[in-house]
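Note sheet for the following structure.
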Amino acid sequence: MGSFGAWSQQNPVDSIKTTYRDSIKVIARPYSDKILLRWMPLSPKLWRNSIARGYTITRQTLSGTNVVATTSFIVKFNSDSTKWHLTDSTYYQMVYDNHDEVIEIGSDTTTSVNLQYNLVAVGADMSYAAARLGGLAFVDTTVTNGVTYRYRIEPTPLNPARKSAKTATSPIVIGMDAIEVTAGSISYPTLTAPQLSRKKGVVELKWDFDSQKIYYGSYVIYRSTNGGAFERLNSQLWTKMDNSTQFVYYLDSIPNTTTTYTYRLAGKTYFDEYIPSVTSTITVTKELTQIPAIKNVRVTSQGVEVKWRFPADTVISNLTSVVSGYLIHVSSKSDSAFQLIRSVTNPSDTVALIDSVAISNKVAFRLSQYYRIGAIGVGNDTTWSLPYILIPASLDVPPAKPTNFHSARYNPSSTSNLHLVRLDWNENTDADLLGYRVYRTIGNETEKIDVFNGIRRRIFTIDTLGEDTDYPLIKYYVSAVDSNYHESELAVITYQKPDTHPPISPVITKYQVKGTDVELFWNKSSSHDVQRTEIWRKLNEVSGTWSIIKTLNATDTTRMMTDTSLMVGKTYVYTVAAFDSSGNKSCYDVPKFQSSQNVGDCYQLVIVEIVTDQKPVFTTLTATIDSVSTTPAITLHWSYGASDIEHFELYRSETPKVINGTNTTTNFTLWRTLNAVENTTQEDEPKYSYTFKYGIRAVFKDGRTSNMKQMIIVMPDKL
């Protein structure tokens, strides 16, 4: 900010302060009949607290070193919106919202207050009128020409009656700057002219902002064209917001014509005065926009002949008013530094014969050469053609295929999650070798991926594969490339990345205890390369050992098994594991399990208890048959006195009346599941002449079931 930087360089008369940020910096502009004051607190909190209180200005009239009179003024923020509207209403709204809040000095400053504070600093520097309305400026019109005055600015205390009680340790009073000013007319020093330089399409103005920011916080830029009247270029005041440099820049866009421009600055002071600078002048010539093109380069008995056309599409009639000559360059590579081999001074020339010796002094003549031509504009700017390659006939042959191409795991013992493959081959002996390209394909892919991302000179590379990703067979390719970008045949090898990624674990979905039998249900692993699935069991004891109770191959679709003849009173632990074709297990080693910890590393552990108590026998199941109503029905009734019932399961099958010796009995399967409090259910419209078999059992919360109670109902023939 201009004001902070300028004022911080001044040496205040009153040097008593505790911290620099608790000070108020002051500048003044003397006239013979008035003195203009401007100030700014050096911390956001001090400024914010001073908005509601205002500032007290103590003026001492000096005679030599003696104080002959003391006068005080009170300056406050002006809340008259009409006056602000005439000056800068937008500035008022951005800066002074909620301005009556007081912030304790020493507390953390909020982001919003910091933003308001910075806006105040810039706005006050830009406009003295806005600074006066914002309570940051004062015009003392009660001065006498030639008399010296000392001004001291400080925030008005919250309780004026206690002002005399303030001490040197109070952070809100101590450390305020004072300034001595003698009334009279004083001129500003000469404002230096901006430095001018020609850029593409613009004139750049540059001037030293920091060396003059003590006087000026912003600038207006003016330009005169070919000696005409000056016109203002910037509608908004120009200032420096970047404190990393002492200079400020302005770019003036200009038409592409030969013109003389004169520039001057007008520095705006912190008191709304505009001081003109010395002028500076620059003459710019019309820039060259046309680009030449090389038509042909060929080897002759006398040397190399280069033909071109300017501009690229045609030859303009007034060539000498645009071009002053040409430069012909040569290089051994398209991206290397080009070297001058011929200057052409006649703009009308379109061909040049260059001696072979001159070219051989710059590049190897037997290898490929790259030529370019530059057109020199009358303003000494240059436009360049695209490079043109000349390939000797002896080099129009691709290089030899690389040999001894091989691969190996680069970091087999690394704990990193990356799998690195090193590829090596023998160095190619072609004299004009540029480098090598390395490609890769995975599985059935046909598009080759460039591992190098370009051409490189070294004879090895390291390819990175994700350790956690399964890869099928990988093919690597390497080719040699010469300076003419001829590519050799591809050398090919295959690489199989070891599969170290375990398959996804299968999951036991549920189990049921039926006496001393346990029914297990599971979902198989979703990994595509699973070779077998194993079901394991052990007693729930520290010394218990795991045993495999069932093994399923990759094509087995079984999802359920019954583990029989278990011991009453014992608790068993079950888990399931998958193995892929590379021998990887869905979980490492064997499950780690202790009877006191129902945790099994990455394994799913299912704990099943074969309890000693037996569930009550299900004995009561009755039925009521309604075969005479319009809609027949069978109503089942049951009673069962056990507790901890989760639900009832009802099973059903139906058998039609035997006709011609054919029986089509349906399977006896689960028909309905009813909650534990229900004791009846009804089958509507059962078929006449059918035999129905019903069964019911209780399923308990621990997974066990009662016995199955069954009954048979025969529906009569329809009347």
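Order determines the names: the first chain of the structure tokens is A, the second B, and so forth; residues in each chain are numbered 1 upward, and ligands are numbered 1 upward as they are shown.
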For region 373-479 of chain A against region 334-352 of chain A, with a cut-off of 12 Å and counting only C-alpha atoms, what is the closest atom pair and its distance in Å to one decimal for every residue that makes the cut, ordered by chain and number, as CSV?
```
residue,atom,partner,partner_atom,distance
A:Ile373,CA,A:Arg342,CA,9.6
A:Gly374,CA,A:Ser343,CA,9.6
A:Ala375,CA,A:Pro347,CA,8.6
A:Ile376,CA,A:Pro347,CA,8.9
A:Gly377,CA,A:Pro347,CA,9.8
A:Val378,CA,A:Pro347,CA,10.4
A:Trp384,CA,A:Phe338,CA,11.5
A:Leu386,CA,A:Ser334,CA,9.6
A:Pro387,CA,A:Ser334,CA,6.7
A:Tyr388,CA,A:Ser334,CA,8.7
A:Ile389,CA,A:Ser334,CA,8.2
A:Leu390,CA,A:Ser334,CA,11.2
A:Leu434,CA,A:Ser334,CA,11.9
```
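Shell of Leu674 (chain A) at 10 Å, with only C-alpha atoms counted and residues fewer than 2 places along the chain excluded, is Glu646, His647, Phe648, Glu649, Leu650, Arg672, Ala676, Val677, Glu678, Asn679, Thr680, Thr681 and Ala698 of chain A.
Between CA of Val139 (chain A) and CA of Gln116 (chain A) lies a distance of 24.5 Å.
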7 Å contact set for Ala312 (chain A), only C-alpha atoms, chain neighbours under 5 positions out, as an mmCIF file with N, CA and C atoms, in the first residue's frame:
```
data_model
loop_
_atom_site.group_PDB
_atom_site.id
_atom_site.type_symbol
_atom_site.label_atom_id
_atom_site.label_comp_id
_atom_site.auth_asym_id
_atom_site.auth_seq_id
_atom_site.Cartn_x
_atom_site.Cartn_y
_atom_site.Cartn_z
ATOM 1 N N ILE A 291 5.374 -14.101 -42.590
ATOM 2 C CA ILE A 291 6.350 -15.147 -42.263
ATOM 3 C C ILE A 291 6.886 -15.752 -43.562
ATOM 4 N N PRO A 292 8.216 -15.866 -43.708
ATOM 5 C CA PRO A 292 8.776 -16.495 -44.910
ATOM 6 C C PRO A 292 8.618 -18.011 -44.855
ATOM 7 N N ALA A 293 8.784 -18.649 -45.997
ATOM 8 C CA ALA A 293 8.704 -20.115 -46.072
ATOM 9 C C ALA A 293 9.785 -20.625 -47.014
#
```
message = With distances taken over only C-alpha atoms, which residue among A:Val481, A:Glu447, A:Asn411, A:Val518 lies nearest Ile462 (chain A)?
response = A:Asn411
inquiry  = Please return, as a PyMOL selection string, all residues of region 143-253 of chain A that DSSP assigns to strand (DSSP E or B) on the basis of the backbone.
reply    = chain A and resi 148-155+178-182+191+195-199+202-208+216-225+231-232+238+247-253
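You can rank A:Asn380, A:Ser543, A:Thr494, A:Ser127 by their closest distance to Glu273 (chain A) using only C-alpha atoms, and at the top of that list sits A:Ser127.
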key: Backbone DSSP call of helix (DSSP H, G or I) for region 337-566 of chain A, listed as JSON, numbers by chain   = {"A": [356, 357, 358, 359, 360, 393, 394, 395]}
Can I get the selected residues back with C-alpha atoms, as a short mmCIF file (atom, residue, chain, number, x, y, z; two decimals), in the first residue's frame?
```cif
data_model
loop_
_atom_site.label_atom_id
_atom_site.label_comp_id
_atom_site.auth_asym_id
_atom_site.auth_seq_id
_atom_site.Cartn_x
_atom_site.Cartn_y
_atom_site.Cartn_z
CA SER A 356 29.55 -26.56 -48.54
CA VAL A 357 32.59 -25.56 -46.47
CA ALA A 358 30.60 -22.84 -44.71
CA ILE A 359 27.95 -25.40 -43.79
CA SER A 360 30.53 -28.01 -42.71
CA ALA A 393 20.67 -39.87 -49.81
CA SER A 394 23.11 -42.11 -47.93
CA LEU A 395 21.12 -41.63 -44.72
#
```
query = Quick one: residues within 7 Å of region 425-427 of chain A, only C-alpha atoms counted, chain neighbours fewer than 5 positions away excluded, as a list in words?
reply = Pro402, Thr403, Asn404, Phe405, His406, Ile459 and Phe460 of chain A
Deliver the residues from the most recent selection as a file, using N, CA and C atoms, as a compact mmCIF listing (two decimals), in the first residue's frame.
```txt
# COMPACT_ATOMS: atom_id res chain seq x y z
N PRO A 402 17.75 -53.10 -32.31
CA PRO A 402 18.52 -53.35 -31.08
C PRO A 402 18.61 -54.84 -30.79
N THR A 403 19.71 -55.26 -30.16
CA THR A 403 19.95 -56.67 -29.86
C THR A 403 20.04 -56.89 -28.35
N ASN A 404 19.95 -58.18 -27.97
CA ASN A 404 20.07 -58.62 -26.58
C ASN A 404 19.08 -57.88 -25.67
N PHE A 405 17.85 -57.78 -26.14
CA PHE A 405 16.78 -57.13 -25.38
C PHE A 405 16.29 -58.11 -24.32
N HIS A 406 16.33 -57.73 -23.04
CA HIS A 406 15.92 -58.62 -21.96
C HIS A 406 15.33 -57.81 -20.81
N ILE A 459 20.42 -46.83 -22.79
CA ILE A 459 20.14 -48.18 -23.30
C ILE A 459 19.46 -49.04 -22.23
N PHE A 460 18.71 -48.42 -21.37
CA PHE A 460 17.89 -49.17 -20.42
C PHE A 460 16.75 -48.26 -19.97
```
message = Applying 10 Å and only C-alpha atoms, which residues near Val507 (chain A) remain after dropping the ones on its own chain fewer than 4 positions away? List them as a ChimeraX atom specification.
response = /A:521-525,575-577,603-605
Residues as selected, C-alpha atoms, written as a compact mmCIF listing (two decimals), in the first residue's frame, can you do that?
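For reference, again-v3.txt as written:
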```txt
# COMPACT_ATOMS: atom_id res chain seq x y z
CA PHE A 521 -24.29 -71.07 3.88
CA TRP A 522 -21.71 -68.94 2.03
CA ASN A 523 -21.00 -66.74 -1.00
CA LYS A 524 -17.98 -67.65 -3.10
CA SER A 525 -15.10 -65.25 -3.82
CA THR A 575 -14.16 -69.78 8.47
CA VAL A 576 -13.81 -69.97 4.69
CA ALA A 577 -10.80 -69.20 2.45
CA TYR A 603 -10.63 -63.78 8.34
CA GLN A 604 -14.35 -63.90 8.98
CA LEU A 605 -14.90 -66.11 12.06
```
